[in-house]
file model.txt (compact mmCIF, C-alpha atoms)
# COMPACT_ATOMS: atom_id res chain seq x y z
CA MET A 1 39.37 45.95 15.57
CA THR A 2 37.03 45.85 18.52
CA MET A 3 38.02 46.52 22.10
CA LEU A 4 37.40 42.86 22.94
CA SER A 5 39.77 41.61 20.24
CA LEU A 6 42.40 44.08 21.41
CA VAL A 7 42.07 42.78 24.95
CA GLN A 8 42.38 39.20 23.69
CA ARG A 9 45.29 39.95 21.37
CA TRP A 10 47.37 41.75 24.00
CA ARG A 11 46.11 39.53 26.83
CA ILE A 12 45.51 42.64 28.94
CA TYR A 13 43.38 40.58 31.32
CA ARG A 14 46.51 38.88 32.67
CA PHE A 15 47.26 42.07 34.65
CA ALA A 16 44.12 41.40 36.69
CA SER A 17 46.27 38.78 38.38
CA PRO A 18 48.21 40.31 41.32
CA VAL A 19 51.31 38.21 40.48
CA SER A 20 51.49 39.39 36.84
CA PHE A 21 50.70 42.96 37.85
CA TYR A 22 53.38 42.94 40.54
CA HIS A 23 56.17 41.72 38.27
CA PHE A 24 55.14 43.80 35.27
CA THR A 25 54.96 47.07 37.21
CA ARG A 26 58.22 46.32 39.03
CA ALA A 27 59.96 46.16 35.65
CA LEU A 28 58.09 49.21 34.36
CA ASN A 29 58.65 51.58 37.30
CA PRO A 30 62.30 52.60 36.63
CA TRP A 31 61.28 53.61 33.10
CA LEU A 32 58.36 55.64 34.42
CA TRP A 33 60.64 57.49 36.86
CA ALA A 34 63.13 58.17 34.06
CA LEU A 35 60.33 59.47 31.83
CA ALA A 36 59.03 61.71 34.63
CA LEU A 37 62.49 63.21 35.18
CA VAL A 38 63.14 63.76 31.47
CA PHE A 39 59.74 65.38 30.86
CA ALA A 40 60.04 67.53 33.99
CA ALA A 41 63.54 68.71 33.04
CA ALA A 42 62.42 69.52 29.50
CA GLY A 43 59.23 71.22 30.71
CA LEU A 44 61.06 73.37 33.26
CA TRP A 45 63.70 74.30 30.67
CA VAL A 46 61.12 75.41 28.11
CA GLY A 47 58.92 77.04 30.76
CA PHE A 48 61.62 79.01 32.56
CA VAL A 49 64.26 79.61 29.91
CA VAL A 50 62.61 79.52 26.49
CA ALA A 51 59.13 80.93 27.26
CA PRO A 52 59.08 84.71 27.58
CA THR A 53 57.84 86.76 30.52
CA ASP A 54 54.11 87.42 30.32
CA ALA A 55 53.18 90.92 29.23
CA THR A 56 50.64 91.48 32.01
CA GLN A 57 51.48 89.00 34.78
CA GLY A 58 55.27 89.18 34.71
CA GLU A 59 56.93 86.08 36.14
CA ALA A 60 53.98 84.98 38.27
CA TYR A 61 52.32 83.25 35.31
CA ARG A 62 55.07 80.58 35.39
CA ILE A 63 53.09 78.91 38.18
CA ILE A 64 50.89 77.70 35.31
CA TYR A 65 53.43 74.96 34.47
CA ILE A 66 52.64 73.14 37.69
CA HIS A 67 49.19 74.50 38.60
CA VAL A 68 47.37 73.41 35.45
CA PRO A 69 48.95 69.91 35.19
CA ALA A 70 48.20 69.33 38.90
CA ALA A 71 44.58 70.45 38.43
CA TRP A 72 44.17 68.20 35.37
CA MET A 73 45.69 65.26 37.25
CA SER A 74 43.41 65.83 40.25
CA MET A 75 40.32 65.42 38.07
CA ILE A 76 41.60 62.62 35.83
CA LEU A 77 42.85 60.59 38.79
CA TYR A 78 39.49 60.94 40.54
CA VAL A 79 37.66 59.59 37.49
CA ALA A 80 40.22 56.75 37.22
CA MET A 81 39.85 55.99 40.93
CA ALA A 82 36.06 55.89 40.70
CA GLY A 83 36.21 53.77 37.53
CA TRP A 84 38.50 51.16 39.10
CA ALA A 85 36.49 51.19 42.34
CA VAL A 86 33.22 50.53 40.51
CA LEU A 87 34.87 47.87 38.32
CA GLY A 88 36.15 46.11 41.43
CA TRP A 89 32.75 46.38 43.06
CA ALA A 90 30.65 45.26 40.10
CA TRP A 91 32.90 42.55 38.61
CA LYS A 92 34.91 41.55 41.69
CA VAL A 93 38.22 42.29 39.96
CA ARG A 94 40.65 42.33 42.86
CA MET A 95 43.34 44.48 41.26
CA ALA A 96 40.71 47.06 40.27
CA SER A 97 39.87 47.76 43.91
CA VAL A 98 43.58 47.80 44.76
CA LEU A 99 44.26 50.36 42.02
CA ALA A 100 41.39 52.56 43.22
CA ARG A 101 42.90 52.67 46.70
CA ALA A 102 46.39 53.22 45.33
CA ILE A 103 45.27 56.22 43.27
CA ALA A 104 43.54 58.07 46.12
CA PRO A 105 46.56 59.51 48.02
CA THR A 106 48.28 60.65 44.82
CA GLY A 107 45.04 62.22 43.58
CA ALA A 108 44.61 64.01 46.90
CA MET A 109 48.20 65.23 46.70
CA PHE A 110 47.67 66.69 43.21
CA THR A 111 44.43 68.34 44.37
CA PHE A 112 46.26 69.91 47.31
CA VAL A 113 49.05 71.11 45.00
CA ALA A 114 46.50 72.62 42.58
CA LEU A 115 44.82 74.49 45.44
CA VAL A 116 48.05 75.78 46.99
CA THR A 117 49.69 76.82 43.72
CA GLY A 118 46.39 78.41 42.67
CA ALA A 119 46.36 80.43 45.89
CA LEU A 120 49.97 81.50 45.33
CA TRP A 121 49.05 82.55 41.79
CA GLY A 122 45.88 84.27 42.95
CA LYS A 123 47.65 86.67 45.30
CA PRO A 124 49.70 88.56 42.69
CA THR A 125 47.02 88.40 39.96
CA TRP A 126 43.71 88.73 41.86
CA GLY A 127 45.01 90.37 45.03
CA THR A 128 43.83 87.52 47.24
CA TYR A 129 44.86 83.96 48.04
CA TRP A 130 41.32 82.63 48.13
CA VAL A 131 37.79 83.44 47.04
CA TRP A 132 34.74 81.22 47.35
CA ASP A 133 34.11 81.09 43.63
CA ALA A 134 32.74 78.02 41.90
CA ARG A 135 36.03 76.69 40.50
CA LEU A 136 37.99 76.99 43.74
CA THR A 137 35.17 75.68 45.92
CA SER A 138 34.45 72.66 43.73
CA GLU A 139 38.19 71.81 43.65
CA LEU A 140 38.24 72.01 47.46
CA ILE A 141 35.25 69.64 47.53
CA LEU A 142 37.30 67.26 45.36
CA LEU A 143 40.03 67.24 48.04
CA PHE A 144 37.38 66.42 50.66
CA LEU A 145 36.06 63.61 48.45
CA TYR A 146 39.54 62.08 48.20
CA LEU A 147 40.05 62.40 51.96
CA GLY A 148 36.56 61.00 52.58
CA TYR A 149 37.26 57.99 50.34
CA MET A 150 40.57 57.30 52.11
CA SER A 151 39.02 57.68 55.57
CA LEU A 152 36.02 55.52 54.72
CA THR A 153 38.01 52.65 53.23
CA ALA A 154 40.49 52.78 56.12
CA SER A 155 37.75 52.74 58.75
CA ILE A 156 36.11 49.46 57.64
CA GLU A 157 38.10 46.41 58.59
CA ASP A 158 36.51 43.91 56.21
CA THR A 159 38.28 44.44 52.88
CA ARG A 160 35.32 43.59 50.64
CA ARG A 161 32.86 45.76 52.55
CA SER A 162 35.33 48.61 52.63
CA ASP A 163 35.87 48.30 48.85
CA HIS A 164 32.11 48.46 48.30
CA ALA A 165 31.59 51.48 50.55
CA GLY A 166 34.52 53.27 48.94
CA ALA A 167 33.23 52.51 45.44
CA LEU A 168 29.84 53.99 46.29
CA LEU A 169 31.36 57.20 47.62
CA ALA A 170 33.79 57.47 44.68
CA ALA A 171 30.99 56.90 42.14
CA VAL A 172 28.74 59.54 43.70
CA GLY A 173 31.63 61.99 43.87
CA VAL A 174 32.29 61.74 40.13
CA VAL A 175 29.48 64.25 39.61
CA ASN A 176 31.84 66.89 41.04
CA VAL A 177 34.37 66.51 38.19
CA PRO A 178 32.24 68.03 35.38
CA ILE A 179 31.15 70.68 37.88
CA ILE A 180 34.82 71.64 38.37
CA TYR A 181 35.51 71.61 34.64
CA PHE A 182 32.45 73.60 33.55
CA SER A 183 32.25 75.85 36.64
CA VAL A 184 33.96 78.68 34.74
CA VAL A 185 31.33 78.40 32.01
CA TRP A 186 28.22 77.87 34.15
CA TRP A 187 28.96 80.58 36.72
CA ASN A 188 30.55 84.00 36.73
CA THR A 189 33.86 83.18 38.39
CA LEU A 190 37.02 85.10 39.24
CA HIS A 191 38.94 82.11 37.91
CA GLN A 192 39.69 82.42 34.20
CA GLY A 193 38.16 80.17 31.56
CA ALA A 194 39.98 77.26 29.93
CA SER A 195 43.12 78.26 28.00
CA VAL A 196 43.41 74.85 26.36
CA SER A 197 40.53 72.90 24.83
CA LEU A 198 40.23 69.86 22.59
CA THR A 199 37.76 71.69 20.36
CA ALA A 200 39.40 75.11 20.00
CA ALA A 201 42.79 76.63 19.26
CA PRO A 202 44.88 77.28 22.40
CA LYS A 203 44.72 80.81 23.79
CA MET A 204 48.39 80.86 24.77
CA ALA A 205 51.81 81.06 23.10
CA MET A 206 53.16 77.80 21.66
CA THR A 207 56.26 77.79 23.90
CA MET A 208 54.06 78.17 26.99
CA LEU A 209 51.73 75.42 25.80
CA THR A 210 54.68 73.12 25.05
CA ALA A 211 56.09 73.60 28.55
CA MET A 212 52.70 72.96 30.13
CA LEU A 213 52.18 69.76 28.14
CA LEU A 214 55.70 68.50 28.95
CA MET A 215 55.01 69.08 32.65
CA THR A 216 51.68 67.28 32.27
CA PHE A 217 53.47 64.24 30.78
CA ALA A 218 55.91 64.37 33.71
CA CYS A 219 52.98 64.35 36.15
CA TRP A 220 51.42 61.40 34.30
CA ALA A 221 54.64 59.36 34.48
CA TYR A 222 55.09 60.28 38.15
CA ALA A 223 51.49 59.31 38.97
CA PHE A 224 51.82 55.94 37.23
CA ALA A 225 55.10 55.20 39.06
CA VAL A 226 53.79 56.06 42.53
CA VAL A 227 50.37 54.47 42.05
CA PHE A 228 52.00 51.25 40.82
CA THR A 229 54.36 51.25 43.82
CA ARG A 230 51.44 51.64 46.24
CA ALA A 231 49.36 49.07 44.34
CA ARG A 232 52.18 46.53 44.63
CA ALA A 233 52.25 47.08 48.40
CA LEU A 234 48.47 46.66 48.64
CA ALA A 235 48.57 43.54 46.45
CA LEU A 236 51.18 42.02 48.79
CA ALA A 237 49.04 42.90 51.82
CA ARG A 238 45.91 41.32 50.36
CA ASP A 239 47.70 38.18 49.20
CA ALA A 240 49.80 37.89 52.38
CA GLY A 241 49.01 34.20 52.84
CA HIS A 242 49.55 33.22 49.21
CA GLU A 243 52.47 31.16 47.95
CA TRP A 244 53.80 33.83 45.57
CA VAL A 245 54.10 36.38 48.39
CA ARG A 246 55.86 33.89 50.67
CA ALA A 247 58.31 33.03 47.88
CA LEU A 248 58.93 36.70 47.22
CA ARG A 249 59.69 37.44 50.87
CA GLN A 250 61.97 34.43 51.15
CA SER A 251 63.93 35.48 48.08
CA LYS A 252 64.24 39.00 49.51
CA GLU A 253 65.50 37.65 52.85
CA ALA A 254 67.99 35.39 51.05
CA ALA A 255 69.29 38.37 49.09
CA MET B 1 71.11 81.90 33.64
CA ALA B 2 71.51 84.61 36.28
CA GLU B 3 68.41 86.29 34.91
CA MET B 4 66.48 83.06 35.12
CA ILE B 5 67.49 82.49 38.74
CA ALA B 6 66.66 86.10 39.56
CA ALA B 7 63.26 85.62 37.96
CA LEU B 8 62.74 82.42 39.92
CA ILE B 9 63.49 83.73 43.37
CA HIS B 10 61.84 87.07 43.07
CA LEU B 11 62.63 89.70 41.51
CA ASP B 12 60.05 91.77 39.79
CA GLY B 13 57.77 91.52 42.79
CA TYR B 14 55.77 88.65 41.29
CA GLY B 15 58.40 85.91 41.04
CA LYS B 16 58.46 85.49 44.78
CA PHE B 17 55.23 83.50 44.44
CA VAL B 18 56.72 81.19 41.81
CA TRP B 19 59.47 79.38 43.67
CA PRO B 20 57.33 78.52 46.74
CA SER B 21 54.82 76.92 44.35
CA TYR B 22 57.46 74.61 42.92
CA LEU B 23 59.05 73.94 46.31
CA ILE B 24 55.70 72.91 47.83
CA THR B 25 54.97 70.73 44.78
CA VAL B 26 58.33 68.94 44.99
CA LEU B 27 57.92 68.37 48.74
CA CYS B 28 54.39 66.97 48.31
CA MET B 29 55.47 64.67 45.47
CA ALA B 30 58.51 63.48 47.43
CA LEU B 31 56.35 62.73 50.49
CA ASP B 32 53.78 60.85 48.39
CA ALA B 33 56.47 58.77 46.67
CA TRP B 34 58.34 58.13 49.93
CA LEU B 35 55.21 56.92 51.73
CA ALA B 36 54.34 54.57 48.86
CA GLN B 37 57.88 53.16 48.74
CA ARG B 38 58.00 52.75 52.53
CA GLN B 39 54.71 50.86 52.44
CA LEU B 40 56.04 48.60 49.69
CA ASN B 41 59.33 47.95 51.53
CA ARG B 42 57.44 46.99 54.68
CA MET B 43 55.10 44.66 52.84
CA GLN B 44 57.99 43.03 50.99
CA GLY B 45 59.62 42.45 54.35
CA GLY B 46 56.46 40.80 55.65
CA ARG B 47 55.63 43.38 58.32
CA GLN B 48 52.27 42.28 59.72
CA ASP B 49 51.66 45.54 61.57
CA ASP B 50 51.46 47.43 58.30
CA ASN B 51 48.04 46.78 56.92
CA LEU B 52 45.78 48.35 54.34
CA ASP B 53 44.86 51.15 56.70
CA ASN B 54 48.33 52.66 56.52
CA TRP B 55 48.60 54.85 53.48
call {"tool": "encode", "arguments": {"input": "model.txt", "output": "structure tokens"}}
result
Amino acid sequence: MTMLSLVQRWRIYRFASPVSFYHFTRALNPWLWALALVFAAAGLWVGFVVAPTDATQGEAYRIIYIHVPAAWMSMILYVAMAGWAVLGWAWKVRMASVLARAIAPTGAMFTFVALVTGALWGKPTWGTYWVWDARLTSELILLFLYLGYMSLTASIEDTRRSDHAGALLAAVGVVNVPIIYFSVVWWNTLHQGASVSLTAAPKMAMTMLTAMLLMTFACWAYAFAVVFTRARALALARDAGHEWVRALRQSKEAA
Amino acid sequence: MAEMIAALIHLDGYGKFVWPSYLITVLCMALDAWLAQRQLNRMQGGRQDDNLDNW
């Protein structure tokens, strides 16, 4: 089954319409929040109660359960943001540009969390909160790229022009993502290499890996929920004069 | 449970870096979610002063 037939069969294209997207994500969001809470509770339970203390790092290693998922999310969300931004730019898909803008603050938040939790992990293990090594520096550049994208799109009043400028910046910035990922391979860094890889057996205990993956799922569900909330707000703003928005506001006032 | 809490809030000299990590994470996530929800509430209410520039 080709991608095109899948799209046609599931009518995925209908979510390109702001009205369909708005109502679908409104129904979906409570489930996403519930999933995030369940995964986070399970991840924290396994990570703090089931997983043992690390032989060399003591308790400090438990920062891994939020640091690594946050770092993964920071990179994945940037790629998603750039992808939607370019899609909106190239094919004039309105909801694509909206999604790109909705992802940016959450991506920046995860990047900030990865940097701060990394610093708090660095102090007890490396003896310092910060070093200018390739992994840390490229992750900091990612935060600046997110902030740059948000500032640029906010500074241009015309929506279409601001979408285009943002898409260009986001697309150029994508080059930083593989640099972050492979920085520990390409350069001699203080930051450790990857503990988890798609092509090799994990270098950590199964209970620790389970907790980390559960927390990653929680971050995914959280990110979807918040991005959809922000995207709904942006869709309402862009369609402010449309009939469906007027009807929605009237029904809300009546309630 | 007491051991877990002790491990969380300190106590071997390393754990004291753990709980601030989670506290900062929860605060950042709560702020992000709150801002998104506030933006949605304002747009649903038809607030014209809240435009795309307000994240």
call {"tool": "residues_around", "arguments": {"input": "model.txt", "residues": "Gly83 (chain A)", "least_positions_apart": "5", "cutoff": "10 Å", "atoms": "only C-alpha atoms", "output": "list of chain:residue names"}}
result
A:Leu77, A:Tyr78, A:Gly88, A:Trp89, A:Ala96, A:Ser97, A:Leu99, A:Ala100, A:Ala167, A:Ala170, A:Ala171, A:Val174
call {"tool": "write_last_selection", "arguments": {"input": "model.txt", "atoms": "C-alpha atoms", "output": "compact mmCIF listing (two decimals), in the coordinates of the input"}}
result
# COMPACT_ATOMS: atom_id res chain seq x y z
CA LEU A 77 42.85 60.59 38.79
CA TYR A 78 39.49 60.94 40.54
CA GLY A 88 36.15 46.11 41.43
CA TRP A 89 32.75 46.38 43.06
CA ALA A 96 40.71 47.06 40.27
CA SER A 97 39.87 47.76 43.91
CA LEU A 99 44.26 50.36 42.02
CA ALA A 100 41.39 52.56 43.22
CA ALA A 167 33.23 52.51 45.44
CA ALA A 170 33.79 57.47 44.68
CA ALA A 171 30.99 56.90 42.14
CA VAL A 174 32.29 61.74 40.13
call {"tool": "interface_residues", "arguments": {"input": "model.txt", "of": "chain A", "to": "chain B", "cutoff": "7 Å", "atoms": "all atoms listed in the file", "output": "list in words"}}
result
Phe48, Val49, Gly58, Glu59, Ala60, Arg62, Ile63, Thr106, Met109, Val113, Thr117, Leu120, Trp121, Pro124, Ala154, Val226, Thr229, Arg230, Arg232, Ala233, Leu234, Leu236, Ala237 and Arg249 of chain A
call {"tool": "atom_distance", "arguments": {"input": "model.txt", "atom1": "CA of Arg94 (chain A)", "atom2": "CA of Pro18 (chain A)"}}
result
8.0 Å
call {"tool": "atom_distance", "arguments": {"input": "model.txt", "atom1": "CA of Ala80 (chain A)", "atom2": "CA of Phe21 (chain A)"}}
result
17.3 Å
call {"tool": "closest_residue", "arguments": {"input": "model.txt", "among": "A:Ala225, A:Val175, A:Met215, A:Ala240", "to": "Leu44 (chain A)", "atoms": "all atoms listed in the file"}}
result
A:Met215
call {"tool": "residues_around", "arguments": {"input": "model.txt", "residues": "Tyr65 (chain A)", "least_positions_apart": "6", "cutoff": "9 Å", "atoms": "all atoms listed in the file", "output": "list in words"}}
result
Gly43, Leu44, Gly47, Met208, Leu209, Ala211, Met212, Leu213, Leu214, Met215 and Thr216 of chain A
call {"tool": "atom_distance", "arguments": {"input": "model.txt", "atom1": "CA of Ile103 (chain A)", "atom2": "CA of Ala231 (chain A)"}}
result
8.3 Å
call {"tool": "axis_aligned_box", "arguments": {"input": "model.txt", "around": "region 168-187 of chain A", "padding_each_side": "3 Å", "output": "AutoDock Vina command-line options"}}
result
--center_x 31.9 --center_y 67.3 --center_z 39.8 --size_x 13.3 --size_y 32.6 --size_z 21.6
